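Chemist: This is the content of model-v7.pdb (PDB, C-alpha atoms, pLDDT in the B column):
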ATOM      1  CA  MET A   2       0.000   0.000   0.000  1.00 58.00           C
ATOM      2  CA  GLU A   3       2.760   2.408   0.930  1.00 59.00           C
ATOM      3  CA  ASN A   4       4.586   1.356  -2.217  1.00 63.00           C
ATOM      4  CA  GLU A   5       1.470   2.353  -4.247  1.00 61.00           C
ATOM      5  CA  LYS A   6       1.386   5.758  -2.554  1.00 60.00           C
ATOM      6  CA  THR A   7       5.053   6.321  -3.323  1.00 60.00           C
ATOM      7  CA  THR A   8       4.534   5.290  -6.956  1.00 61.00           C
ATOM      8  CA  ARG A   9       1.448   7.516  -7.280  1.00 66.00           C
ATOM      9  CA  SER A  10       3.273  10.391  -5.603  1.00 69.00           C
ATOM     10  CA  THR A  11       6.224   9.972  -7.968  1.00 68.00           C
ATOM     11  CA  GLN A  12       3.876   9.901 -10.989  1.00 71.00           C
ATOM     12  CA  ASP A  13       2.049  13.009  -9.771  1.00 70.00           C
ATOM     13  CA  THR A  14       5.372  14.784  -9.278  1.00 71.00           C
ATOM     14  CA  LYS A  15       6.553  13.818 -12.783  1.00 73.00           C
ATOM     15  CA  GLU A  16       3.259  14.993 -14.325  1.00 75.00           C
ATOM     16  CA  ALA A  17       3.462  18.290 -12.454  1.00 70.00           C
ATOM     17  CA  GLN A  18       7.058  18.796 -13.607  1.00 72.00           C
ATOM     18  CA  SER A  19       6.105  17.921 -17.174  1.00 73.00           C
ATOM     19  CA  THR A  20       3.196  20.403 -17.099  1.00 74.00           C
ATOM     20  CA  GLN A  21       5.441  23.084 -15.621  1.00 75.00           C
ATOM     21  CA  GLN A  22       8.118  22.460 -18.273  1.00 72.00           C
ATOM     22  CA  GLU A  23       5.510  22.649 -21.044  1.00 74.00           C
ATOM     23  CA  THR A  24       4.218  25.923 -19.616  1.00 70.00           C
ATOM     24  CA  GLU A  25       7.765  27.311 -19.569  1.00 69.00           C
ATOM     25  CA  ARG A  26       8.356  26.233 -23.185  1.00 66.00           C
ATOM     26  CA  ALA A  27       5.041  27.763 -24.294  1.00 64.00           C
ATOM     27  CA  LYS A  28       6.184  31.173 -23.027  1.00 63.00           C
ATOM     28  CA  TYR A  29       8.980  31.205 -25.582  1.00 64.00           C
ATOM     29  CA  ARG A  30       7.099  29.606 -28.462  1.00 65.00           C
ATOM     30  CA  GLU A  31       5.880  31.952 -31.188  1.00 62.00           C
ATOM     31  CA  PRO A  32       2.132  32.094 -31.447  1.00 69.00           C
ATOM     32  CA  PHE A  33       0.636  30.885 -34.729  1.00 73.00           C
ATOM     33  CA  VAL A  34       0.960  33.601 -37.355  1.00 76.00           C
ATOM     34  CA  ASP A  35      -0.952  33.489 -40.626  1.00 86.00           C
ATOM     35  CA  TRP A  36       1.842  35.021 -42.729  1.00 86.00           C
ATOM     36  CA  ASP A  37      -0.239  35.153 -45.906  1.00 90.00           C
ATOM     37  CA  ARG A  38      -3.021  37.068 -44.168  1.00 90.00           C
ATOM     38  CA  LYS A  39      -0.476  39.353 -42.497  1.00 90.00           C
ATOM     39  CA  ALA A  40       1.133  40.091 -45.890  1.00 93.00           C
ATOM     40  CA  LYS A  41      -2.269  40.916 -47.408  1.00 94.00           C
ATOM     41  CA  VAL A  42      -3.109  43.271 -44.537  1.00 94.00           C
ATOM     42  CA  GLU A  43       0.283  45.016 -44.802  1.00 95.00           C
ATOM     43  CA  ALA A  44      -0.092  45.369 -48.588  1.00 95.00           C
ATOM     44  CA  GLN A  45      -3.541  46.913 -48.146  1.00 95.00           C
ATOM     45  CA  GLN A  46      -2.214  49.309 -45.510  1.00 96.00           C
ATOM     46  CA  LEU A  47       0.601  50.358 -47.849  1.00 95.00           C
ATOM     47  CA  ALA A  48      -1.813  50.852 -50.757  1.00 95.00           C
ATOM     48  CA  ASP A  49      -4.088  52.914 -48.486  1.00 95.00           C
ATOM     49  CA  LYS A  50      -1.178  55.076 -47.322  1.00 95.00           C
ATOM     50  CA  MET A  51       0.032  55.665 -50.878  1.00 94.00           C
ATOM     51  CA  THR A  52      -3.422  56.467 -52.250  1.00 94.00           C
ATOM     52  CA  ASP A  53      -4.131  58.780 -49.303  1.00 94.00           C
ATOM     53  CA  TRP A  54      -0.934  60.665 -50.148  1.00 93.00           C
ATOM     54  CA  LEU A  55      -1.767  60.773 -53.870  1.00 92.00           C
ATOM     55  CA  ASN A  56      -5.311  61.931 -53.153  1.00 93.00           C
ATOM     56  CA  CYS A  57      -4.041  64.913 -51.165  1.00 90.00           C
ATOM     57  CA  SER A  58      -4.033  68.036 -53.309  1.00 80.00           C
ATOM     58  CA  SER A  59      -0.750  69.189 -51.810  1.00 86.00           C
ATOM     59  CA  HIS A  60       1.282  66.071 -52.585  1.00 87.00           C
ATOM     60  CA  ASN A  61       4.562  66.891 -54.269  1.00 92.00           C
ATOM     61  CA  ILE A  62       6.139  64.085 -56.276  1.00 93.00           C
ATOM     62  CA  GLN A  63       9.556  65.802 -56.175  1.00 95.00           C
ATOM     63  CA  HIS A  64       9.520  65.500 -52.369  1.00 94.00           C
ATOM     64  CA  PHE A  65       8.843  61.793 -52.763  1.00 93.00           C
ATOM     65  CA  PHE A  66      11.706  61.430 -55.249  1.00 95.00           C
ATOM     66  CA  THR A  67      14.066  63.247 -52.880  1.00 96.00           C
ATOM     67  CA  ALA A  68      13.012  61.043 -49.972  1.00 95.00           C
ATOM     68  CA  MET A  69      13.347  57.871 -52.055  1.00 96.00           C
ATOM     69  CA  ASP A  70      16.809  58.966 -53.237  1.00 96.00           C
ATOM     70  CA  ARG A  71      17.930  58.836 -49.588  1.00 97.00           C
ATOM     71  CA  GLU A  72      16.860  55.226 -49.160  1.00 96.00           C
ATOM     72  CA  HIS A  73      19.241  52.290 -49.475  1.00 96.00           C
ATOM     73  CA  ARG A  74      20.164  51.545 -53.110  1.00 95.00           C
ATOM     74  CA  TYR A  75      18.794  48.011 -52.846  1.00 95.00           C
ATOM     75  CA  LEU A  76      15.431  49.361 -51.687  1.00 96.00           C
ATOM     76  CA  GLN A  77      15.412  51.906 -54.509  1.00 96.00           C
ATOM     77  CA  GLY A  78      15.858  49.016 -56.947  1.00 95.00           C
ATOM     78  CA  GLU A  79      13.107  47.003 -55.256  1.00 96.00           C
ATOM     79  CA  PHE A  80      10.762  49.980 -55.429  1.00 96.00           C
ATOM     80  CA  ALA A  81      11.566  50.466 -59.136  1.00 95.00           C
ATOM     81  CA  ASN A  82      10.843  46.762 -59.714  1.00 95.00           C
ATOM     82  CA  LEU A  83       7.526  47.174 -57.890  1.00 96.00           C
ATOM     83  CA  CYS A  84       6.596  50.110 -60.138  1.00 95.00           C
ATOM     84  CA  VAL A  85       7.509  48.195 -63.299  1.00 94.00           C
ATOM     85  CA  GLU A  86       5.635  45.103 -62.148  1.00 96.00           C
ATOM     86  CA  TYR A  87       2.571  47.212 -61.375  1.00 96.00           C
ATOM     87  CA  LEU A  88       2.615  48.754 -64.859  1.00 95.00           C
ATOM     88  CA  LEU A  89       2.982  45.283 -66.380  1.00 96.00           C
ATOM     89  CA  HIS A  90       0.018  44.224 -64.242  1.00 96.00           C
ATOM     90  CA  CYS A  91      -1.965  47.136 -65.703  1.00 96.00           C
ATOM     91  CA  ALA A  92      -1.275  45.776 -69.213  1.00 95.00           C
ATOM     92  CA  LYS A  93      -3.128  42.531 -68.483  1.00 95.00           C
ATOM     93  CA  PRO A  94      -6.557  42.078 -70.070  1.00 92.00           C
ATOM     94  CA  GLU A  95      -8.213  41.559 -66.675  1.00 94.00           C
ATOM     95  CA  TYR A  96      -7.045  44.982 -65.464  1.00 93.00           C
ATOM     96  CA  ARG A  97     -10.176  47.103 -65.231  1.00 93.00           C
ATOM     97  CA  TYR A  98      -9.701  50.592 -66.569  1.00 91.00           C
ATOM     98  CA  ASP A  99     -11.697  53.564 -67.744  1.00 93.00           C
ATOM     99  CA  PRO A 100     -10.634  57.076 -68.873  1.00 94.00           C
ATOM    100  CA  ARG A 101      -9.392  57.910 -65.347  1.00 94.00           C
ATOM    101  CA  ASN A 102      -6.739  55.184 -65.252  1.00 93.00           C
ATOM    102  CA  SER A 103      -6.329  54.224 -68.912  1.00 95.00           C
ATOM    103  CA  GLN A 104      -2.824  55.735 -69.034  1.00 96.00           C
ATOM    104  CA  ALA A 105      -1.642  53.030 -66.638  1.00 95.00           C
ATOM    105  CA  ALA A 106      -2.851  50.367 -69.079  1.00 95.00           C
ATOM    106  CA  VAL A 107      -1.259  52.206 -72.029  1.00 96.00           C
ATOM    107  CA  PHE A 108       2.099  52.594 -70.235  1.00 95.00           C
ATOM    108  CA  GLY A 109       1.922  48.966 -69.174  1.00 95.00           C
ATOM    109  CA  ARG A 110       1.415  47.811 -72.742  1.00 96.00           C
ATOM    110  CA  LEU A 111       4.233  50.046 -73.975  1.00 95.00           C
ATOM    111  CA  MET A 112       6.538  48.671 -71.294  1.00 93.00           C
ATOM    112  CA  GLU A 113       5.524  45.111 -72.135  1.00 93.00           C
ATOM    113  CA  TYR A 114       6.275  45.763 -75.804  1.00 92.00           C
ATOM    114  CA  ALA A 115       9.625  47.367 -74.990  1.00 90.00           C
ATOM    115  CA  ILE A 116      10.654  44.448 -72.801  1.00 88.00           C
ATOM    116  CA  GLU A 117       9.674  41.890 -75.435  1.00 87.00           C
ATOM    117  CA  HIS A 118      11.426  43.710 -78.288  1.00 82.00           C
ATOM    118  CA  SER A 119      14.393  45.471 -76.730  1.00 76.00           C
ATOM    119  CA  THR A 120      16.586  42.952 -74.960  1.00 64.00           C
ATOM    120  CA  GLU A 121      19.676  44.756 -76.247  1.00 63.00           C
ATOM    121  CA  ILE A 122      18.943  47.665 -73.878  1.00 59.00           C
ATOM    122  CA  ASN A 123      19.839  45.567 -70.835  1.00 61.00           C
ATOM    123  CA  PRO A 124      20.529  41.922 -71.674  1.00 57.00           C
ATOM    124  CA  ASP A 125      20.848  41.004 -67.978  1.00 61.00           C
ATOM    125  CA  ARG A 126      17.149  41.770 -67.502  1.00 57.00           C
ATOM    126  CA  SER A 127      15.849  40.086 -70.679  1.00 52.00           C
ATOM    127  CA  ASP A 128      13.706  37.781 -68.532  1.00 55.00           C
ATOM    128  CA  TYR A 129      12.169  40.694 -66.630  1.00 53.00           C
ATOM    129  CA  SER A 130       8.529  40.106 -67.475  1.00 52.00           C
ATOM    130  CA  LYS A 131       8.683  36.311 -67.107  1.00 51.00           C
ATOM    131  CA  ASN A 132       7.242  35.296 -63.749  1.00 47.00           C
TER     132      ASN A 132
END
Can the structure from this file be put into structure tokens for me?

Modeler:
Amino acid sequence: MENEKTTRSTQDTKEAQSTQQETERAKYREPFVDWDRKAKVEAQQLADKMTDWLNCSSHNIQHFFTAMDREHRYLQGEFANLCVEYLLHCAKPEYRYDPRNSQAAVFGRLMEYAIEHSTEINPDRSDYSKN
């Protein structure tokens, strides 16, 4: 009987230690993050910020250029790639446009044409529009 109590007491102690250890580990474990959802939310926030700035009658593109010129060269390149990719997106048939944004579609098509027919401009980027 006393042997059973000792065994039960030892088991209870081990379970308590195991629970305590699991609780300690859980403190340092990252909570589940839906990275895809987080990326979509951040992209929407960025689009909102940019369109808010563009919608302001006092926005000055030169100020933006000056600010962007101060950013890291890698980030300047990434931003330029984003702009090009957006214009190429605007060239797609599913891009909805009307007279207010038709220039984006026109520029996108011109850029698409230039990329397809002018690889001698920058041969290192000849695969630019291929995703």

Chemist: Could you give me, as number ranges by chain, the residues within 12 Å of Val85 of chain A, counting all atoms listed in the file and dropping anything in the same chain fewer than 4 positions from it?

Modeler: A: 78-81, 89-92, 105, 108-113, 115-116, 129-130

Chemist: Distance atom CA of Met51 of chain A-atom CA of Arg71 of chain A, one decimal place?

Modeler: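 So the answer is 18.2 Å.
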
Chemist: Quick one: distance from atom CA of Asp99 of chain A to atom CA of Leu55 of chain A in Å, one decimal?

Modeler: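 Between atom CA of Asp99 of chain A and atom CA of Leu55 of chain A the gap is 18.5 Å.
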
Chemist: Find, counting all atoms listed in the file, the residue in A:Asn61, A:Asn56, A:Gln104, A:Gln21 that gets nearest to Leu88 of chain A.

Modeler: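 Using all atoms listed in the file, Leu88 of chain A sits closest to A:Gln104.
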
Chemist: To one decimal place, how far is atom CA of Lys39 of chain A from atom CA of Glu72 of chain A in Å?

Modeler: 24.4 Å

Chemist: For each of A:Gln12, A:Trp36, A:Thr67, A:Pro94, take the minimum atom-to-atom distance to Ala106 of chain A, counting all atoms listed in the file, then give the residue where this is smallest.

Modeler: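 For Ala106 of chain A, the nearest of the candidates is A:Pro94.
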